[in-house]
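File shown: my_file05.tsv (TSV, C-alpha atoms and all ligand atoms).
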chain	number	residue	atom	x	y	z
A	25	MET	CA	30.98	-8.62	25.48
A	26	THR	CA	29.06	-5.78	23.79
A	27	ALA	CA	25.46	-5.46	24.87
A	28	MET	CA	22.95	-5.39	22.00
A	29	PRO	CA	20.48	-2.51	22.15
A	30	ILE	CA	17.01	-3.77	23.02
A	31	ARG	CA	14.32	-2.41	20.69
A	32	GLU	CA	10.76	-2.17	21.86
A	33	PRO	CA	8.21	-3.42	19.34
A	34	ALA	CA	6.65	-0.62	17.29
A	35	GLN	CA	3.22	0.53	18.43
A	36	LEU	CA	0.43	0.41	15.85
A	37	ALA	CA	-2.49	2.82	15.79
A	38	GLU	CA	-5.34	3.55	13.42
A	39	LEU	CA	-5.21	7.17	12.27
A	40	THR	CA	-8.25	9.20	11.35
A	41	ALA	CA	-7.98	11.57	8.38
A	42	PRO	CA	-7.45	14.65	10.64
A	43	GLN	CA	-4.71	12.75	12.53
A	44	LEU	CA	-2.89	11.82	9.32
A	45	ARG	CA	-3.26	15.39	8.01
A	46	LEU	CA	-1.39	16.61	11.09
A	47	ARG	CA	1.46	14.17	10.39
A	48	LEU	CA	1.31	14.31	6.60
A	49	ASP	CA	4.82	15.75	6.10
A	50	GLU	CA	6.28	13.04	8.33
A	51	ALA	CA	4.33	10.30	6.51
A	52	LEU	CA	5.35	11.59	3.09
A	53	ARG	CA	8.99	11.70	4.18
A	54	ILE	CA	8.74	7.98	5.03
A	55	TYR	CA	7.14	7.30	1.65
A	56	VAL	CA	9.80	9.22	-0.28
A	57	THR	CA	12.69	7.66	1.68
A	58	ALA	CA	11.32	4.11	1.50
A	59	MET	CA	10.67	4.38	-2.26
A	60	HIS	CA	13.99	6.16	-2.94
A	61	TYR	CA	12.13	8.97	-4.69
A	62	PRO	CA	13.57	12.48	-4.96
A	63	PRO	CA	12.50	14.71	-2.03
A	64	GLY	CA	10.35	16.92	-4.31
A	65	THR	CA	8.01	13.96	-4.84
A	66	ALA	CA	6.42	14.60	-1.44
A	67	ARG	CA	5.08	18.00	-2.56
A	68	HIS	CA	3.47	16.45	-5.65
A	69	ARG	CA	1.94	13.54	-3.75
A	70	SER	CA	0.55	15.57	-0.88
A	71	PRO	CA	-2.69	16.71	-2.66
A	72	MET	CA	-3.29	13.14	-3.81
A	73	TRP	CA	-2.98	11.71	-0.29
A	74	LEU	CA	-5.35	14.44	0.97
A	75	GLU	CA	-7.89	13.62	-1.73
A	76	HIS	CA	-7.65	9.88	-0.97
A	77	MET	CA	-8.64	10.58	2.65
A	78	LEU	CA	-12.07	11.71	1.39
A	79	ARG	CA	-12.79	8.43	-0.38
A	80	THR	CA	-15.31	5.87	0.85
A	81	GLY	CA	-13.85	3.26	3.18
A	82	TRP	CA	-10.54	5.11	3.66
A	83	LEU	CA	-8.53	3.48	6.46
A	84	CYS	CA	-5.04	4.19	7.73
A	85	VAL	CA	-2.78	2.41	10.20
A	86	ALA	CA	0.53	3.86	11.37
A	87	ALA	CA	3.51	2.45	13.28
A	88	PHE	CA	5.33	4.47	15.96
A	89	ASP	CA	8.74	3.98	17.53
A	90	ALA	CA	8.55	6.05	20.72
A	91	ASP	CA	6.71	9.09	19.31
A	92	ALA	CA	8.25	8.97	15.86
A	93	LEU	CA	6.22	7.75	12.90
A	94	VAL	CA	8.13	4.87	11.27
A	95	GLY	CA	5.53	3.30	9.01
A	96	VAL	CA	2.22	4.03	7.36
A	97	GLY	CA	-0.31	2.12	5.32
A	98	TYR	CA	-3.66	3.17	3.92
A	99	GLY	CA	-6.30	2.31	1.37
A	100	TYR	CA	-9.98	2.73	0.49
A	101	ARG	CA	-12.84	1.14	-1.40
A	102	GLY	CA	-12.05	1.04	-5.09
A	103	ALA	CA	-14.67	2.33	-7.51
A	104	PRO	CA	-15.13	3.08	-11.23
A	105	GLY	CA	-13.85	6.52	-12.17
A	106	GLN	CA	-10.82	6.26	-9.91
A	107	TRP	CA	-7.56	6.26	-11.89
A	108	TRP	CA	-6.21	3.01	-10.39
A	109	HIS	CA	-9.51	1.16	-10.80
A	110	ASP	CA	-9.83	2.17	-14.43
A	111	GLU	CA	-6.22	1.27	-15.22
A	112	VAL	CA	-6.60	-2.21	-13.67
A	113	HIS	CA	-9.95	-2.64	-15.40
A	114	ARG	CA	-8.27	-1.89	-18.75
A	115	GLY	CA	-5.62	-4.55	-18.05
A	116	LEU	CA	-8.06	-7.20	-16.89
A	117	MET	CA	-10.36	-6.59	-19.88
A	118	LEU	CA	-7.49	-7.56	-22.16
A	119	ILE	CA	-7.53	-10.98	-20.50
A	120	ASP	CA	-11.17	-11.69	-19.70
A	121	ARG	CA	-14.19	-9.40	-19.44
A	122	ARG	CA	-15.86	-11.53	-16.76
A	123	SER	CA	-12.79	-11.63	-14.56
A	124	ALA	CA	-12.57	-7.83	-14.78
A	125	GLN	CA	-16.12	-7.53	-13.51
A	126	ARG	CA	-15.62	-10.14	-10.81
A	127	GLU	CA	-12.29	-8.87	-9.46
A	128	LEU	CA	-13.34	-5.23	-9.37
A	129	ALA	CA	-16.90	-5.69	-8.11
A	130	ASP	CA	-16.15	-5.03	-4.44
A	131	TYR	CA	-12.63	-4.50	-3.16
A	132	PHE	CA	-10.35	-2.55	-0.87
A	133	GLU	CA	-7.38	-0.99	-2.64
A	134	LEU	CA	-4.18	-1.05	-0.62
A	135	THR	CA	-2.86	2.27	-1.87
A	136	GLU	CA	0.29	2.87	0.18
A	137	LEU	CA	2.42	0.80	2.56
A	138	HIS	CA	5.80	2.13	3.64
A	139	VAL	CA	8.22	1.58	6.49
A	140	HIS	CA	11.20	3.86	7.03
A	141	PRO	CA	14.37	2.02	5.87
A	142	ASP	CA	15.90	2.33	9.38
A	143	ALA	CA	12.93	0.42	10.79
A	144	GLN	CA	12.54	-2.25	8.10
A	145	GLY	CA	13.11	-5.94	8.76
A	146	ARG	CA	11.48	-5.92	12.23
A	147	GLY	CA	8.06	-7.15	11.21
A	148	ILE	CA	6.50	-3.68	11.08
A	149	GLY	CA	5.40	-3.97	7.44
A	150	LYS	CA	3.67	-7.27	8.07
A	151	ALA	CA	2.05	-5.96	11.26
A	152	LEU	CA	0.81	-2.80	9.50
A	153	LEU	CA	-0.68	-4.72	6.61
A	154	THR	CA	-2.29	-7.35	8.85
A	155	GLU	CA	-3.76	-4.69	11.13
A	156	LEU	CA	-5.05	-2.58	8.23
A	157	LEU	CA	-6.67	-5.52	6.44
A	158	SER	CA	-8.25	-6.79	9.68
A	159	ARG	CA	-10.27	-3.55	9.74
A	160	VAL	CA	-11.44	-3.76	6.13
A	161	ASP	CA	-15.07	-4.50	5.42
A	162	ALA	CA	-14.72	-5.83	1.87
A	163	PRO	CA	-14.44	-9.35	0.45
A	164	ARG	CA	-11.17	-8.69	-1.42
A	165	ALA	CA	-8.00	-6.61	-1.20
A	166	LEU	CA	-6.10	-5.56	-4.32
A	167	LEU	CA	-2.77	-3.78	-4.76
A	168	SER	CA	-0.09	-3.05	-7.31
A	169	THR	CA	3.63	-3.29	-6.78
A	170	PRO	CA	6.67	-3.00	-9.07
A	171	GLU	CA	7.78	-6.36	-10.48
A	172	GLY	CA	10.85	-7.87	-8.95
A	173	PRO	CA	12.21	-9.69	-5.95
A	174	THR	CA	11.55	-6.82	-3.53
A	175	ARG	CA	10.80	-6.90	0.17
A	176	ALA	CA	7.26	-5.74	-0.62
A	177	TRP	CA	6.84	-8.57	-3.10
A	178	ARG	CA	7.92	-11.18	-0.54
A	179	LEU	CA	5.62	-9.68	2.09
A	180	TYR	CA	2.58	-9.81	-0.19
A	181	ARG	CA	3.30	-13.39	-1.19
A	182	ARG	CA	3.74	-14.42	2.45
A	183	LEU	CA	0.32	-12.95	3.18
A	184	GLY	CA	-1.26	-14.93	0.37
A	185	PHE	CA	-1.64	-12.35	-2.41
A	186	THR	CA	-1.85	-13.95	-5.87
A	187	ASP	CA	-1.53	-12.61	-9.42
A	188	LEU	CA	-4.22	-10.70	-11.27
A	189	LEU	CA	-1.90	-8.99	-13.76
A	190	ARG	CA	1.82	-9.34	-14.32
A	191	HIS	CA	4.31	-7.08	-16.13
A	192	TYR	CA	1.59	-4.49	-16.50
A	193	HIS	CA	2.20	-0.91	-17.59
A	194	PHE	CA	0.13	1.78	-15.91
A	195	THR	CA	-0.36	4.80	-18.13
A	196	GLY	CA	2.58	7.20	-17.86
A	197	ASP	CA	4.87	4.81	-15.94
A	198	SER	CA	7.60	2.88	-17.76
A	199	ARG	CA	8.03	0.40	-14.91
A	200	GLU	CA	6.42	-3.04	-14.98
A	201	PHE	CA	3.90	-3.71	-12.21
A	202	ALA	CA	2.10	-6.70	-10.81
A	203	VAL	CA	-1.48	-6.36	-9.65
A	204	LEU	CA	-2.11	-8.78	-6.80
A	205	GLY	CA	-5.18	-9.71	-4.82
A	206	ARG	CA	-6.54	-11.93	-2.10
A	207	THR	CA	-9.82	-12.63	-0.40
A	208	LEU	CA	-10.54	-11.27	3.05
A	209	PRO	CA	-10.41	-11.87	5.94
A	210	LEU	CA	-6.74	-12.83	6.00
A	301	LIG	C1	7.58	-3.42	1.92
A	301	LIG	C2	7.80	-2.84	3.32
A	301	LIG	C3	6.58	-2.02	3.70
A	301	LIG	C4	7.94	-4.00	4.30
A	301	LIG	O1	8.19	-3.46	5.60
A	301	LIG	P1	9.15	-4.18	6.66
A	301	LIG	O2	8.84	-3.59	7.97
A	301	LIG	O3	10.53	-4.17	6.19
A	301	LIG	O4	8.54	-5.66	6.58
A	301	LIG	P2	8.77	-6.86	7.58
A	301	LIG	O5	9.76	-6.49	8.63
A	301	LIG	O6	7.43	-7.31	8.04
A	301	LIG	O7	9.41	-7.94	6.64
A	301	LIG	C5	10.64	-7.64	6.03
A	301	LIG	C6	11.67	-8.73	6.29
A	301	LIG	O8	12.05	-8.76	7.65
A	301	LIG	C7	11.97	-10.09	8.15
A	301	LIG	N1	11.62	-9.98	9.57
A	301	LIG	C8	10.43	-9.64	10.08
A	301	LIG	N2	10.51	-9.62	11.42
A	301	LIG	C9	11.77	-9.94	11.74
A	301	LIG	C10	12.48	-10.06	12.96
A	301	LIG	N3	11.89	-9.86	14.13
A	301	LIG	N4	13.79	-10.39	12.91
A	301	LIG	C11	14.40	-10.60	11.74
A	301	LIG	N5	13.78	-10.49	10.53
A	301	LIG	C12	12.49	-10.16	10.55
A	301	LIG	C13	10.89	-10.72	7.32
A	301	LIG	O9	11.01	-12.13	7.28
A	301	LIG	C14	11.17	-10.10	5.99
A	301	LIG	O10	12.24	-10.75	5.33
A	301	LIG	P3	12.42	-10.63	3.73
A	301	LIG	O11	12.12	-9.20	3.34
A	301	LIG	O12	13.83	-10.99	3.52
A	301	LIG	O13	11.46	-11.58	3.12
A	301	LIG	C15	9.07	-1.99	3.41
A	301	LIG	O14	10.15	-2.79	3.07
A	301	LIG	C16	9.04	-0.76	2.53
A	301	LIG	O15	8.57	0.29	2.94
A	301	LIG	N6	9.61	-0.90	1.30
A	301	LIG	C17	9.76	0.22	0.40
A	301	LIG	C18	8.45	0.77	-0.02
A	301	LIG	C19	7.62	-0.24	-0.75
A	301	LIG	O16	8.09	-0.96	-1.61
A	301	LIG	N7	6.32	-0.26	-0.40
A	301	LIG	C20	5.37	-1.08	-1.06
A	301	LIG	C21	4.95	-0.37	-2.30
A	301	LIG	S1	3.90	-1.40	-3.26

Let me see the file written as structure tokens.
Ligand SMILES: CC(C)(COP(=O)(O)OP(=O)(O)OC[C@H]1O[C@@H](n2cnc3c(N)ncnc32)[C@H](O)[C@@H]1OP(=O)(O)O)[C@@H](O)C(=O)NCCC(=O)NCCS
Amino acid sequence: MTAMPIREPAQLAELTAPQLRLRLDEALRIYVTAMHYPPGTARHRSPMWLEHMLRTGWLCVAAFDADALVGVGYGYRGAPGQWWHDEVHRGLMLIDRRSAQRELADYFELTELHVHPDAQGRGIGKALLTELLSRVDAPRALLSTPEGPTRAWRLYRRLGFTDLLRHYHFTGDSREFAVLGRTLPL
């Protein structure tokens, strides 16, 4: 009989901005690998992740397997003037002005959530998201994710996220996205 390797559960930890800065290359490698983006994407995204760290309410939780980073999730308080906020506002206004005001009045934007493909399917994504949202001091969490039966999609549905916008096109991206939200606490 072949013995199955025993895997310890991943350890979760909140990262401060300086701590994520120190591991930014590692975190971006997870992002690029998990999203199947070309490696050069990391260089373009790096300034954006650094700028996000300065935003109000920024929070990050990371997952470690031994000392290696295997997952990362972060977000911040959404606000007018931010690209994502204004894009979602545009979409919601097409449906109902009042719902746009209500949904975007006070929310935490889940900006990134990624688990290295080698570590997926062990509950790390769910644990990261649950841990991150448990630390959020806002009445709602919003996110966008590409349409389709993806692992991310199933995770968000399992955690009770419902539709705000479907088949939505963000400016400059030909893919269709869903914008999902739920009230907090989980
Ligand atoms: C979305 C993502 C973060 C989820 O991370 P994950 O660690 O794979 O998530 P989980 O392990 O919590 O759940 C994944 C699956 O494993 C299953 N699972 C969880 N724990 C398990 C365990 N101990 N044993 C067996 N299966 C398990 C879950 O039921 C789930 O099944 P499903 O995907 O078939 O519905 C990850 O898949 C990812 O990085 N995807 C690419 C990037 C991406 O799309 N990010 C979101 C952008 S919006």

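Residues in contact with Thr80 (chain A) at up to 9 Å, not including ones fewer than 5 positions away on its chain and judged by all atoms listed in the file, are A:Tyr100, A:Arg101, A:Gly102.
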
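Interatomic distance, atom C18 of ligand LIG 301 (chain A) to CA of Leu128 (chain A): 24.5 Å.
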
Taking (5.3, -10.5, 10.8) in the coordinates of the supplied file, I want to know which residues reach to within 12 Å of it, counting all atoms listed in the file; could you give the answer as a list of chain:residue names?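 Within the cut-off we find A:Pro33, A:Ala34, A:Gln144, A:Gly145, A:Arg146, A:Gly147, A:Ile148, A:Gly149, A:Lys150, A:Ala151, A:Leu152, A:Leu153, A:Thr154, A:Glu155, A:Arg178, A:Leu179, A:Tyr180, A:Arg182, A:Leu183.
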
Please save C-alpha atoms of the selected residues as a PDB file, in the frame of the given file.
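After the write, part.pdb holds the following:
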ATOM      1  CA  PRO A  33       8.210  -3.420  19.340  1.00  0.00           C
ATOM      2  CA  ALA A  34       6.650  -0.620  17.290  1.00  0.00           C
ATOM      3  CA  GLN A 144      12.540  -2.250   8.100  1.00  0.00           C
ATOM      4  CA  GLY A 145      13.110  -5.940   8.760  1.00  0.00           C
ATOM      5  CA  ARG A 146      11.480  -5.920  12.230  1.00  0.00           C
ATOM      6  CA  GLY A 147       8.060  -7.150  11.210  1.00  0.00           C
ATOM      7  CA  ILE A 148       6.500  -3.680  11.080  1.00  0.00           C
ATOM      8  CA  GLY A 149       5.400  -3.970   7.440  1.00  0.00           C
ATOM      9  CA  LYS A 150       3.670  -7.270   8.070  1.00  0.00           C
ATOM     10  CA  ALA A 151       2.050  -5.960  11.260  1.00  0.00           C
ATOM     11  CA  LEU A 152       0.810  -2.800   9.500  1.00  0.00           C
ATOM     12  CA  LEU A 153      -0.680  -4.720   6.610  1.00  0.00           C
ATOM     13  CA  THR A 154      -2.290  -7.350   8.850  1.00  0.00           C
ATOM     14  CA  GLU A 155      -3.760  -4.690  11.130  1.00  0.00           C
ATOM     15  CA  ARG A 178       7.920 -11.180  -0.540  1.00  0.00           C
ATOM     16  CA  LEU A 179       5.620  -9.680   2.090  1.00  0.00           C
ATOM     17  CA  TYR A 180       2.580  -9.810  -0.190  1.00  0.00           C
ATOM     18  CA  ARG A 182       3.740 -14.420   2.450  1.00  0.00           C
ATOM     19  CA  LEU A 183       0.320 -12.950   3.180  1.00  0.00           C
TER      20      LEU A 183
END

From the options A:Gly105, A:Pro42, A:Gly184, A:Gly172, which residue's atoms come nearest to Leu74 (chain A), counting all atoms listed in the file? A:Pro42

Provide the CA of Leu44 (chain A) to CA of Val139 (chain A) distance in Å, to one decimal place.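 Taking CA of Leu44 (chain A) and CA of Val139 (chain A), their separation equals 15.4 Å.
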
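The spacing separating CA of Pro62 (chain A) from CA of Ala143 (chain A) amounts to 19.8 Å.
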
Taking all atoms of region 130-141 of chain A that appear in the file, build a box with edges along x, y and z, extend it by 8 Å on every side, and state its centre and edge lengths in Å to one decimal, as AutoDock Vina command-line options.
--center_x -0.9 --center_y -0.6 --center_z 1.3 --size_x 46.5 --size_y 24.9 --size_z 27.5

Pick the closest to ligand LIG 301 (chain A) from A:Leu210, A:Leu156, A:Ala58, A:Leu166: which is it, counting all atoms listed in the file?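 Closest to ligand LIG 301 (chain A), using all atoms listed in the file: A:Ala58.
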
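Using only C-alpha atoms, the nearest neighbour of Leu83 (chain A) within the list A:Thr135, A:Thr65, A:Ser198, A:Thr207 is A:Thr135.
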
Which residue of A:Ala103, A:Ile54, A:Leu39, A:Met77 approaches ligand LIG 301 (chain A) most closely, using only C-alpha atoms and all ligand atoms: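 Of A:Ala103, A:Ile54, A:Leu39, A:Met77, the one nearest ligand LIG 301 (chain A) is A:Ile54, counting only C-alpha atoms and all ligand atoms.
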
A:Glu200, A:Asp110, A:Glu136, A:Asp120: which is nearest ligand LIG 301 (chain A), counting only C-alpha atoms and all ligand atoms? A:Glu136

Have a look at A:Leu188, A:Met72, A:Leu157, A:Ala176 and name the one nearest to ligand LIG 301 (chain A); count all atoms listed in the file. A:Ala176

Contacts of Ala124 (chain A) at 8 Å (only C-alpha atoms; same-chain gap of 6+ positions) as a compact mmCIF listing (two decimals) with C-alpha atoms, in the coordinates of the input:
# COMPACT_ATOMS: atom_id res chain seq x y z
CA HIS A 113 -9.95 -2.64 -15.40
CA LEU A 116 -8.06 -7.20 -16.89
CA MET A 117 -10.36 -6.59 -19.88

Starting from the point (-13.9, -5.0, -0.7), work out which residues of protein, DNA or RNA have an atom no more than 8 Å away when counting only C-alpha atoms; state them as a PyMOL selection string. chain A and resi 101-102+130-133+160-165
